[in-house]
$ cat structure20.txt   # compact mmCIF, C-alpha atoms and all ligand atoms
# COMPACT_ATOMS: atom_id res chain seq x y z
CA MET W 1 -46.02 -45.87 -284.85
CA ALA W 2 -43.05 -45.14 -282.61
CA ALA W 3 -43.01 -47.25 -279.50
CA VAL W 4 -40.76 -44.67 -277.93
CA ASP W 5 -43.00 -43.41 -275.18
CA THR W 6 -44.82 -46.62 -274.39
CA SER W 7 -41.93 -48.12 -272.45
CA LEU W 8 -42.23 -45.67 -269.60
CA LEU W 9 -41.37 -47.33 -266.35
CA PRO W 10 -43.00 -47.73 -263.95
CA SER W 11 -46.48 -48.01 -265.36
CA ARG W 12 -48.07 -46.78 -262.12
CA PRO W 13 -47.60 -43.85 -259.76
CA THR W 14 -44.96 -44.24 -257.05
CA GLY W 15 -44.33 -42.40 -253.78
CA ALA W 16 -47.07 -40.14 -252.45
CA ALA W 17 -49.09 -40.36 -255.67
CA ALA W 18 -49.20 -44.15 -255.34
CA SER W 19 -50.89 -43.85 -251.93
CA LEU W 20 -53.36 -41.32 -253.30
CA ALA W 21 -54.16 -43.50 -256.32
CA ALA W 22 -54.58 -46.57 -254.07
CA SER W 23 -57.07 -44.72 -251.87
CA HIS W 24 -59.13 -43.88 -254.98
CA ALA W 25 -58.95 -47.23 -256.75
CA ALA W 26 -62.51 -48.34 -255.96
CA ASP W 27 -65.15 -48.05 -258.64
CA HIS W 28 -66.75 -44.60 -258.72
CA ALA W 29 -68.97 -42.90 -261.26
CA LEU W 30 -66.58 -39.95 -261.55
CA LYS W 31 -63.35 -41.28 -263.09
CA LEU W 32 -60.10 -39.50 -263.82
CA TYR W 33 -58.09 -41.28 -266.51
CA GLY W 34 -54.52 -40.19 -265.98
CA GLY W 35 -50.85 -40.93 -266.37
CA TRP W 36 -48.62 -40.46 -263.30
CA PHE W 37 -45.94 -38.57 -265.26
CA CYS W 38 -48.29 -36.09 -266.94
CA PRO W 39 -48.32 -32.47 -265.74
CA PHE W 40 -51.69 -31.80 -267.39
CA VAL W 41 -53.15 -34.69 -265.38
CA GLN W 42 -51.53 -33.36 -262.21
CA ARG W 43 -53.51 -30.14 -262.61
CA THR W 44 -56.83 -31.96 -262.46
CA TRP W 45 -55.63 -34.33 -259.76
CA ILE W 46 -54.66 -31.33 -257.60
CA ILE W 47 -58.20 -29.93 -257.96
CA LEU W 48 -59.78 -33.23 -256.90
CA VAL W 49 -57.56 -33.24 -253.80
CA GLU W 50 -58.00 -29.54 -253.00
CA LYS W 51 -61.78 -29.87 -253.10
CA GLY W 52 -61.94 -33.35 -251.58
CA ILE W 53 -64.05 -34.69 -254.47
CA ASP W 54 -64.77 -38.43 -254.40
CA HIS W 55 -63.55 -40.10 -257.56
CA GLN W 56 -61.80 -43.11 -259.05
CA TYR W 57 -58.28 -42.66 -260.38
CA VAL W 58 -57.58 -44.88 -263.40
CA GLU W 59 -53.97 -45.06 -264.57
CA ILE W 60 -53.68 -45.58 -268.33
CA ASN W 61 -50.94 -45.30 -270.92
CA PRO W 62 -52.16 -42.54 -273.27
CA TYR W 63 -49.57 -43.52 -275.88
CA HIS W 64 -51.37 -46.83 -276.45
CA LYS W 65 -54.61 -45.17 -277.65
CA ALA W 66 -56.90 -48.06 -276.69
CA PRO W 67 -60.21 -47.88 -278.59
CA GLU W 68 -62.20 -47.52 -275.31
CA PHE W 69 -60.01 -44.53 -274.45
CA LEU W 70 -60.39 -42.94 -277.90
CA ALA W 71 -64.15 -43.40 -277.60
CA LEU W 72 -64.05 -41.12 -274.56
CA ASN W 73 -61.48 -38.69 -275.91
CA PRO W 74 -60.88 -38.65 -279.67
CA ARG W 75 -57.77 -36.53 -279.07
CA GLY W 76 -56.29 -39.50 -277.20
CA LEU W 77 -54.80 -37.41 -274.41
CA VAL W 78 -54.88 -37.50 -270.63
CA PRO W 79 -56.40 -36.14 -268.49
CA THR W 80 -59.79 -37.45 -269.52
CA LEU W 81 -62.66 -37.25 -267.09
CA ALA W 82 -65.71 -39.54 -267.16
CA VAL W 83 -68.61 -37.61 -265.66
CA PRO W 84 -71.66 -39.53 -264.43
CA PRO W 85 -74.98 -38.87 -266.19
CA PRO W 86 -77.18 -36.19 -264.61
CA PRO W 87 -79.77 -37.43 -262.07
CA GLY W 88 -82.51 -39.20 -264.03
CA GLY W 89 -80.58 -38.60 -267.25
CA GLY W 90 -79.88 -42.09 -268.56
CA SER W 91 -76.84 -44.27 -268.19
CA GLY W 92 -74.37 -42.71 -270.60
CA VAL W 93 -71.04 -41.56 -269.26
CA ARG W 94 -70.18 -38.01 -270.28
CA PRO W 95 -66.54 -37.43 -271.15
CA LEU W 96 -64.58 -34.23 -270.66
CA TYR W 97 -60.98 -33.45 -271.53
CA GLU W 98 -58.48 -30.59 -271.80
CA SER W 99 -56.98 -30.02 -268.38
CA SER W 100 -58.02 -26.37 -267.99
CA VAL W 101 -61.61 -27.19 -269.02
CA VAL W 102 -61.71 -30.14 -266.61
CA CYS W 103 -60.34 -28.01 -263.77
CA GLU W 104 -62.93 -25.28 -264.28
CA TYR W 105 -65.67 -27.88 -264.57
CA LEU W 106 -64.72 -29.52 -261.26
CA ASP W 107 -64.61 -26.15 -259.53
CA GLU W 108 -68.08 -25.26 -260.81
CA ALA W 109 -69.72 -28.67 -260.51
CA TYR W 110 -68.69 -29.10 -256.86
CA PRO W 111 -69.26 -25.57 -255.53
CA GLU W 112 -69.97 -26.76 -251.98
CA GLN W 113 -66.83 -28.84 -251.74
CA GLY W 114 -63.71 -27.06 -250.66
CA PRO W 115 -62.95 -23.48 -251.57
CA ARG W 116 -63.95 -22.02 -254.94
CA LEU W 117 -60.79 -21.82 -257.02
CA LEU W 118 -61.90 -18.95 -259.26
CA PRO W 119 -63.34 -15.75 -257.75
CA VAL W 120 -67.12 -16.13 -257.92
CA GLY W 121 -68.55 -12.68 -257.32
CA ASP W 122 -66.21 -10.58 -259.40
CA ALA W 123 -66.36 -10.98 -263.18
CA TYR W 124 -63.28 -8.83 -263.77
CA GLU W 125 -61.12 -10.75 -261.30
CA ARG W 126 -62.33 -14.03 -262.79
CA ALA W 127 -61.44 -12.83 -266.29
CA ARG W 128 -58.05 -11.62 -265.07
CA CYS W 129 -57.42 -15.10 -263.66
CA ARG W 130 -58.33 -16.64 -267.02
CA LEU W 131 -55.99 -14.22 -268.77
CA TRP W 132 -53.05 -15.42 -266.69
CA MET W 133 -54.12 -19.05 -266.93
CA ASP W 134 -53.94 -18.51 -270.68
CA HIS W 135 -50.50 -16.94 -270.30
CA VAL W 136 -49.33 -20.11 -268.55
CA ALA W 137 -50.84 -22.34 -271.24
CA SER W 138 -49.76 -20.39 -274.31
CA ARG W 139 -46.39 -19.00 -273.18
CA VAL W 140 -44.88 -20.48 -270.02
CA VAL W 141 -45.62 -24.17 -270.68
CA PRO W 142 -44.39 -24.06 -274.34
CA GLY W 143 -41.27 -22.25 -273.06
CA PHE W 144 -40.64 -25.11 -270.62
CA TYR W 145 -40.70 -27.67 -273.44
CA ARG W 146 -38.54 -25.51 -275.73
CA LEU W 147 -35.93 -25.40 -272.98
CA ILE W 148 -36.02 -29.04 -271.94
CA GLN W 149 -36.03 -30.21 -275.58
CA HIS W 150 -33.22 -27.88 -276.60
CA THR W 151 -30.23 -29.68 -278.09
CA PRO W 152 -26.91 -28.13 -279.21
CA ASP W 153 -27.73 -28.63 -282.92
CA LYS W 154 -30.66 -26.17 -282.75
CA ALA W 155 -30.43 -22.84 -284.59
CA GLU W 156 -31.40 -20.90 -281.47
CA ARG W 157 -28.84 -20.96 -278.65
CA ILE W 158 -29.94 -22.32 -275.28
CA ASP W 159 -29.27 -18.92 -273.65
CA GLU W 160 -31.83 -17.37 -275.99
CA VAL W 161 -34.42 -20.02 -275.22
CA ARG W 162 -33.77 -19.60 -271.50
CA ARG W 163 -34.04 -15.81 -271.75
CA GLY W 164 -37.41 -16.18 -273.47
CA PHE W 165 -38.60 -18.53 -270.74
CA HIS W 166 -37.49 -16.09 -268.03
CA GLU W 167 -39.39 -13.25 -269.72
CA GLN W 168 -42.62 -15.28 -269.60
CA LEU W 169 -42.07 -16.21 -265.94
CA LYS W 170 -41.41 -12.59 -265.04
CA ALA W 171 -44.49 -11.33 -266.92
CA PHE W 172 -46.56 -13.81 -264.90
CA THR W 173 -44.88 -12.90 -261.62
CA ARG W 174 -45.39 -9.15 -262.10
CA GLU W 175 -49.16 -9.83 -262.09
CA MET W 176 -49.09 -11.54 -258.70
CA ASP W 177 -50.69 -9.77 -255.74
CA GLU W 178 -47.98 -8.43 -253.50
CA GLY W 179 -49.42 -9.97 -250.36
CA GLY W 180 -48.38 -13.43 -251.51
CA PRO W 181 -47.58 -16.19 -251.57
CA TRP W 182 -50.21 -17.11 -254.18
CA PHE W 183 -51.06 -15.38 -257.44
CA LEU W 184 -54.12 -13.86 -255.69
CA GLY W 185 -52.19 -13.11 -252.51
CA GLN W 186 -53.62 -15.07 -249.58
CA ARG W 187 -56.08 -16.89 -251.82
CA PHE W 188 -55.04 -20.13 -253.58
CA SER W 189 -56.63 -20.35 -257.03
CA LEU W 190 -56.72 -22.09 -260.39
CA VAL W 191 -54.00 -19.74 -261.63
CA ASP W 192 -51.58 -21.36 -259.17
CA VAL W 193 -52.77 -24.83 -260.13
CA MET W 194 -52.18 -24.21 -263.85
CA LEU W 195 -48.46 -23.70 -263.34
CA ALA W 196 -47.83 -25.94 -260.31
CA PRO W 197 -46.93 -29.14 -262.23
CA TRP W 198 -44.26 -27.39 -264.31
CA ALA W 199 -42.88 -25.61 -261.25
CA LYS W 200 -42.43 -29.09 -259.74
CA ARG W 201 -40.69 -30.23 -262.93
CA LEU W 202 -38.20 -27.35 -263.19
CA PHE W 203 -35.59 -29.51 -261.47
CA LEU W 204 -35.53 -31.62 -264.65
CA ILE W 205 -34.12 -28.67 -266.57
CA ASP W 206 -31.41 -28.30 -263.93
CA HIS W 207 -30.76 -32.02 -264.20
CA TYR W 208 -30.56 -32.23 -267.98
CA LYS W 209 -29.63 -28.85 -269.47
CA PRO W 210 -26.34 -26.94 -269.29
CA GLY W 211 -26.98 -23.80 -267.23
CA GLY W 212 -30.26 -25.29 -265.94
CA VAL W 213 -33.28 -23.05 -265.31
CA GLY W 214 -30.71 -20.34 -264.64
CA ILE W 215 -32.75 -17.91 -262.52
CA PRO W 216 -30.10 -15.51 -261.18
CA ARG W 217 -29.22 -15.64 -257.51
CA GLU W 218 -30.34 -13.06 -254.97
CA GLY W 219 -28.05 -10.05 -255.14
CA GLU W 220 -27.17 -10.83 -258.79
CA ARG W 221 -30.55 -9.98 -260.26
CA GLY W 222 -30.01 -6.34 -261.20
CA ASP W 223 -33.32 -4.61 -261.99
CA ASP W 224 -35.17 -7.91 -261.50
CA GLU W 225 -34.36 -8.33 -257.81
CA GLU W 226 -37.97 -7.68 -256.75
CA VAL W 227 -39.71 -9.77 -259.39
CA TRP W 228 -37.51 -12.82 -258.80
CA ALA W 229 -37.97 -12.46 -255.02
CA ARG W 230 -41.72 -12.63 -255.60
CA TRP W 231 -41.23 -15.64 -257.89
CA ASP W 232 -39.21 -17.36 -255.16
CA ARG W 233 -42.03 -16.84 -252.65
CA TRP W 234 -44.59 -18.33 -255.02
CA PHE W 235 -42.30 -21.19 -256.04
CA ASP W 236 -41.36 -22.13 -252.45
CA ALA W 237 -45.07 -22.17 -251.51
CA ILE W 238 -46.33 -24.12 -254.51
CA VAL W 239 -43.83 -26.97 -254.35
CA GLU W 240 -44.75 -27.46 -250.67
CA ARG W 241 -48.53 -27.28 -251.18
CA GLN W 242 -50.00 -30.53 -249.81
CA SER W 243 -52.13 -31.28 -252.90
CA VAL W 244 -49.08 -30.81 -255.12
CA LYS W 245 -46.99 -33.15 -252.98
CA ASP W 246 -49.83 -35.72 -252.74
CA THR W 247 -50.01 -36.01 -256.54
CA TRP W 248 -46.22 -36.39 -256.97
CA SER W 249 -44.38 -39.63 -257.67
CA ASP W 250 -40.74 -40.41 -256.81
CA GLU W 251 -38.42 -37.82 -258.34
CA ALA W 252 -36.15 -40.47 -259.91
CA GLN W 253 -39.09 -41.67 -262.02
CA TYR W 254 -39.56 -38.23 -263.58
CA ILE W 255 -35.87 -38.15 -264.44
CA LYS W 256 -36.34 -41.41 -266.35
CA ALA W 257 -39.60 -40.35 -267.96
CA TYR W 258 -38.24 -37.00 -269.21
CA LYS W 259 -34.98 -38.34 -270.65
CA ARG W 260 -36.53 -38.52 -274.11
CA TYR W 261 -37.68 -34.93 -273.85
CA ALA W 262 -34.17 -33.89 -272.86
CA GLU W 263 -32.76 -35.80 -275.86
CA ASP W 264 -35.54 -34.41 -278.06
CA THR W 265 -36.51 -37.89 -279.24
CA THR W 266 -39.93 -38.08 -277.58
CA GLN W 267 -42.83 -38.99 -279.84
CA SER W 268 -45.45 -37.45 -277.56
CA GLU W 269 -47.82 -34.98 -279.21
CA VAL W 270 -46.46 -32.18 -276.99
CA GLY W 271 -42.88 -33.14 -277.86
CA LYS W 272 -43.53 -33.31 -281.61
CA ALA W 273 -45.36 -29.97 -281.60
CA THR W 274 -42.44 -28.35 -279.76
CA ARG W 275 -39.91 -29.83 -282.22
CA GLN W 276 -41.91 -28.58 -285.18
CA GLY W 277 -42.54 -25.13 -283.69
CA ARG W 278 -46.32 -25.72 -283.59
CA SER W 279 -48.63 -24.75 -280.74
CA LEU W 280 -49.14 -27.48 -278.15
CA PRO W 281 -52.05 -29.94 -278.43
N1 LIG M 1 -53.94 -29.78 -273.92
C1 LIG M 1 -54.01 -31.04 -273.23
C2 LIG M 1 -52.66 -31.73 -273.25
C3 LIG M 1 -52.68 -33.11 -272.61
C4 LIG M 1 -51.45 -33.95 -273.00
O1 LIG M 1 -50.69 -33.61 -273.91
N2 LIG M 1 -51.28 -35.12 -272.31
C5 LIG M 1 -50.21 -36.01 -272.66
C6 LIG M 1 -49.52 -36.63 -271.48
S1 LIG M 1 -48.62 -35.44 -270.55
C7 LIG M 1 -50.76 -37.18 -273.47
O2 LIG M 1 -51.85 -37.65 -273.23
N3 LIG M 1 -49.98 -37.63 -274.44
C8 LIG M 1 -50.31 -38.69 -275.33
C9 LIG M 1 -49.65 -38.50 -276.66
O3 LIG M 1 -48.86 -37.56 -276.81
O4 LIG M 1 -49.89 -39.29 -277.55
C10 LIG M 1 -54.52 -30.79 -271.81
O5 LIG M 1 -54.33 -29.67 -271.30
O6 LIG M 1 -55.16 -31.66 -271.23
$ encode --input "structure20.txt" --output "structure tokens"
Amino acid sequence: MAAVDTSLLPSRPTGAAASLAASHAADHALKLYGGWFCPFVQRTWIILVEKGIDHQYVEINPYHKAPEFLALNPRGLVPTLAVPPPPGGGSGVRPLYESSVVCEYLDEAYPEQGPRLLPVGDAYERARCRLWMDHVASRVVPGFYRLIQHTPDKAERIDEVRRGFHEQLKAFTREMDEGGPWFLGQRFSLVDVMLAPWAKRLFLIDHYKPGGVGIPREGERGDDEEVWARWDRWFDAIVERQSVKDTWSDEAQYIKAYKRYAEDTTQSEVGKATRQGRSLP
């Protein structure tokens, strides 16, 4: 087994995320098993912060696949949530995983805490949110990895990969309510949370890839002037959202952690799936 991704340094969150983790280090029945570098974890962490849900944050290295971890999540991925047993329902911990499932669970299980992050009274609006959450998961996020893992020896040119990524971002942006800044206008929702961690990580593409993210500058956007202006509004708001900043480590650490993605040598499940043209785990 490749030791490639197990040498990530540091082994704990830094910066703002370190303070957050430290304030949730005490034992608690609701536990989030996470890795500081992981965007899927950041989604669930953001929800815990947004809703002010008491919990314990447990930093683990998901590449080590400890037997206790696999017992909770046979897929061996973070985030993994340990949910306390129901009142009077025995002592067994109930595991949950898959970031989008965990996020929806937390929103539903703690309805009184913080704002609801999916529209409650409107089945169509809720389904529309899920549609665009799925767009993020099945199109935008894979596009991010295709771009950051692109190397010059690939059959497809980087410009093509970048163009594809832009198309997915624009399709998402065209669905945003005009009122802004959020996907649902004035209302912050799970749709915003699904993409937030990758929005925060876009700077890595600028850092590592020739031409970077490459969104054209204002005035040079042709027919896309309006859609990119709306993207800018969303992007500027999401990277400054307090819960997003609170769950963020020092930028230099992400640069180190994503070097192997940029070189396309990562042995993570996401990285291997991207390299092999498979859908993400
Ligand atoms: N579909 C999963 C993906 C989670 C995921 O890939 N997590 C990564 C860290 S960012 C992981 O645990 N990787 C361990 C591995 O690749 O072996 C989710 O949404 O929760």
$ closest_atom_pairs --input "structure20.txt" --of "chain W" --to "ligand LIG 1 (chain M)" --cutoff "8 Å" --atoms "only C-alpha atoms and all ligand atoms" --output "Markdown table"
| residue | atom | partner | partner_atom | distance |
| --- | --- | --- | --- | --- |
| W:Gly35 | CA | M:LIG1 | C6 | 6.8 |
| W:Phe37 | CA | M:LIG1 | S1 | 6.7 |
| W:Cys38 | CA | M:LIG1 | S1 | 3.7 |
| W:Pro39 | CA | M:LIG1 | S1 | 5.7 |
| W:Phe40 | CA | M:LIG1 | O5 | 5.2 |
| W:Val41 | CA | M:LIG1 | O6 | 6.9 |
| W:Asn61 | CA | M:LIG1 | C8 | 8.0 |
| W:Pro62 | CA | M:LIG1 | C8 | 4.7 |
| W:Tyr63 | CA | M:LIG1 | O4 | 4.6 |
| W:His64 | CA | M:LIG1 | O4 | 7.8 |
| W:Lys65 | CA | M:LIG1 | O4 | 7.5 |
| W:Gly76 | CA | M:LIG1 | O2 | 6.2 |
| W:Leu77 | CA | M:LIG1 | O2 | 3.2 |
| W:Val78 | CA | M:LIG1 | O2 | 4.0 |
| W:Pro79 | CA | M:LIG1 | O6 | 5.4 |
| W:Thr80 | CA | M:LIG1 | O6 | 7.6 |
| W:Tyr97 | CA | M:LIG1 | O6 | 6.1 |
| W:Glu98 | CA | M:LIG1 | O6 | 3.5 |
| W:Ser99 | CA | M:LIG1 | O6 | 3.8 |
| W:Ser100 | CA | M:LIG1 | O5 | 6.0 |
| W:Gln267 | CA | M:LIG1 | O3 | 6.9 |
| W:Ser268 | CA | M:LIG1 | O3 | 3.5 |
| W:Glu269 | CA | M:LIG1 | O3 | 3.7 |
| W:Val270 | CA | M:LIG1 | O1 | 5.4 |
| W:Gly271 | CA | M:LIG1 | O3 | 7.5 |
| W:Leu280 | CA | M:LIG1 | N1 | 6.8 |
| W:Pro281 | CA | M:LIG1 | N1 | 4.9 |
$ closest_residue --input "structure20.txt" --among "W:Thr274, W:Gln253, W:Ser11, W:Gln113" --to "W:Gly143" --atoms "all atoms listed in the file"
W:Thr274
$ residues_near_point --input "structure20.txt" --point "(-54.1, -31.4, -263.7)" --cutoff "12 Å" --atoms "all atoms listed in the file" --output "PyMOL selection string"
chain W and resi 32-50+78-81+97-104+106+190-198+243-244+247-248
$ closest_residue --input "structure20.txt" --among "W:Glu167, W:Thr265, W:Arg230, W:Phe144" --to "W:Ile205" --atoms "all atoms listed in the file"
W:Phe144
$ atom_distance --input "structure20.txt" --atom1 "atom CA of W:Tyr145" --atom2 "atom CA of W:Leu20"
27.4 Å
$ residues_near_point --input "structure20.txt" --point "(-26.5, -18.6, -274.1)" --cutoff "12 Å" --atoms "all atoms listed in the file" --output "number ranges by chain"
W: 147, 150, 152, 155-164, 209-214
$ write_last_selection --input "structure20.txt" --atoms "C-alpha atoms" --output "compact mmCIF listing (two decimals), in the coordinates of the input"
# COMPACT_ATOMS: atom_id res chain seq x y z
CA LEU W 147 -35.93 -25.40 -272.98
CA HIS W 150 -33.22 -27.88 -276.60
CA PRO W 152 -26.91 -28.13 -279.21
CA ALA W 155 -30.43 -22.84 -284.59
CA GLU W 156 -31.40 -20.90 -281.47
CA ARG W 157 -28.84 -20.96 -278.65
CA ILE W 158 -29.94 -22.32 -275.28
CA ASP W 159 -29.27 -18.92 -273.65
CA GLU W 160 -31.83 -17.37 -275.99
CA VAL W 161 -34.42 -20.02 -275.22
CA ARG W 162 -33.77 -19.60 -271.50
CA ARG W 163 -34.04 -15.81 -271.75
CA GLY W 164 -37.41 -16.18 -273.47
CA LYS W 209 -29.63 -28.85 -269.47
CA PRO W 210 -26.34 -26.94 -269.29
CA GLY W 211 -26.98 -23.80 -267.23
CA GLY W 212 -30.26 -25.29 -265.94
CA VAL W 213 -33.28 -23.05 -265.31
CA GLY W 214 -30.71 -20.34 -264.64
$ closest_residue --input "structure20.txt" --among "W:Thr14, W:Ala127, W:His24, W:Arg260" --to "W:Thr151" --atoms "only C-alpha atoms"
W:Arg260
$ closest_residue --input "structure20.txt" --among "W:His166, W:Phe188, W:Tyr208, W:Tyr254" --to "W:Trp231" --atoms "all atoms listed in the file"
W:His166
$ atom_distance --input "structure20.txt" --atom1 "atom CA of W:Ala171" --atom2 "atom CA of W:Thr266"
29.2 Å
$ closest_residue --input "structure20.txt" --among "W:Leu96, W:Arg275, W:Val58, W:Glu240" --to "W:Pro84" --atoms "all atoms listed in the file"
W:Leu96
$ atom_distance --input "structure20.txt" --atom1 "atom CA of W:Leu202" --atom2 "atom CA of W:Asp107"
26.7 Å
$ closest_residue --input "structure20.txt" --among "W:Ala16, W:Ala82, W:Ala257, W:Ile238" --to "W:Gly180" --atoms "only C-alpha atoms"
W:Ile238
$ residues_around --input "structure20.txt" --residues "W:Asp177" --least-positions-apart "3" --cutoff "12 Å" --atoms "only C-alpha atoms" --output "ChimeraX atom specification"
/W:125,129,172-174,180-188,227,230-231,233-234
$ write_last_selection --input "structure20.txt" --atoms "C-alpha atoms" --output "PDB file, in the frame of the given file"
ATOM      1  CA  GLU W 125     -61.120 -10.750-261.300  1.00  0.00           C
ATOM      2  CA  CYS W 129     -57.420 -15.100-263.660  1.00  0.00           C
ATOM      3  CA  PHE W 172     -46.560 -13.810-264.900  1.00  0.00           C
ATOM      4  CA  THR W 173     -44.880 -12.900-261.620  1.00  0.00           C
ATOM      5  CA  ARG W 174     -45.390  -9.150-262.100  1.00  0.00           C
ATOM      6  CA  GLY W 180     -48.380 -13.430-251.510  1.00  0.00           C
ATOM      7  CA  PRO W 181     -47.580 -16.190-251.570  1.00  0.00           C
ATOM      8  CA  TRP W 182     -50.210 -17.110-254.180  1.00  0.00           C
ATOM      9  CA  PHE W 183     -51.060 -15.380-257.440  1.00  0.00           C
ATOM     10  CA  LEU W 184     -54.120 -13.860-255.690  1.00  0.00           C
ATOM     11  CA  GLY W 185     -52.190 -13.110-252.510  1.00  0.00           C
ATOM     12  CA  GLN W 186     -53.620 -15.070-249.580  1.00  0.00           C
ATOM     13  CA  ARG W 187     -56.080 -16.890-251.820  1.00  0.00           C
ATOM     14  CA  PHE W 188     -55.040 -20.130-253.580  1.00  0.00           C
ATOM     15  CA  VAL W 227     -39.710  -9.770-259.390  1.00  0.00           C
ATOM     16  CA  ARG W 230     -41.720 -12.630-255.600  1.00  0.00           C
ATOM     17  CA  TRP W 231     -41.230 -15.640-257.890  1.00  0.00           C
ATOM     18  CA  ARG W 233     -42.030 -16.840-252.650  1.00  0.00           C
ATOM     19  CA  TRP W 234     -44.590 -18.330-255.020  1.00  0.00           C
TER      20      TRP W 234
END
$ build_atoms --input "structure20.txt" --residues "stretch 147-158 of chain W" --atoms "N, CA, C and O atoms" --output "compact mmCIF listing (two decimals), in the coordinates of the input"
# COMPACT_ATOMS: atom_id res chain seq x y z
N LEU W 147 -37.19 -25.34 -273.73
CA LEU W 147 -35.93 -25.40 -272.98
C LEU W 147 -35.51 -26.85 -272.73
O LEU W 147 -34.36 -27.22 -272.98
N ILE W 148 -36.43 -27.66 -272.27
CA ILE W 148 -36.02 -29.04 -271.94
C ILE W 148 -35.70 -29.84 -273.22
O ILE W 148 -34.86 -30.74 -273.20
N GLN W 149 -36.31 -29.48 -274.33
CA GLN W 149 -36.03 -30.21 -275.58
C GLN W 149 -34.90 -29.56 -276.39
O GLN W 149 -34.60 -30.01 -277.49
N HIS W 150 -34.30 -28.53 -275.84
CA HIS W 150 -33.22 -27.88 -276.60
C HIS W 150 -32.01 -28.83 -276.70
O HIS W 150 -31.61 -29.45 -275.73
N THR W 151 -31.46 -28.91 -277.89
CA THR W 151 -30.23 -29.68 -278.09
C THR W 151 -29.23 -28.77 -278.81
O THR W 151 -29.64 -27.81 -279.49
N PRO W 152 -27.93 -29.06 -278.68
CA PRO W 152 -26.91 -28.13 -279.21
C PRO W 152 -27.01 -27.90 -280.73
O PRO W 152 -26.52 -26.89 -281.22
N ASP W 153 -27.65 -28.80 -281.45
CA ASP W 153 -27.73 -28.63 -282.92
C ASP W 153 -28.82 -27.62 -283.34
O ASP W 153 -28.94 -27.31 -284.52
N LYS W 154 -29.56 -27.09 -282.40
CA LYS W 154 -30.66 -26.17 -282.75
C LYS W 154 -30.12 -24.82 -283.20
O LYS W 154 -29.06 -24.38 -282.71
N ALA W 155 -30.87 -24.15 -284.09
CA ALA W 155 -30.43 -22.84 -284.59
C ALA W 155 -30.36 -21.83 -283.45
O ALA W 155 -29.40 -21.05 -283.34
N GLU W 156 -31.36 -21.85 -282.58
CA GLU W 156 -31.40 -20.90 -281.47
C GLU W 156 -30.51 -21.41 -280.33
O GLU W 156 -30.59 -22.60 -279.99
N ARG W 157 -29.72 -20.53 -279.75
CA ARG W 157 -28.84 -20.96 -278.65
C ARG W 157 -29.65 -21.16 -277.38
O ARG W 157 -30.67 -20.50 -277.18
N ILE W 158 -29.17 -22.02 -276.50
CA ILE W 158 -29.94 -22.32 -275.28
C ILE W 158 -30.13 -21.06 -274.43
O ILE W 158 -31.17 -20.88 -273.80
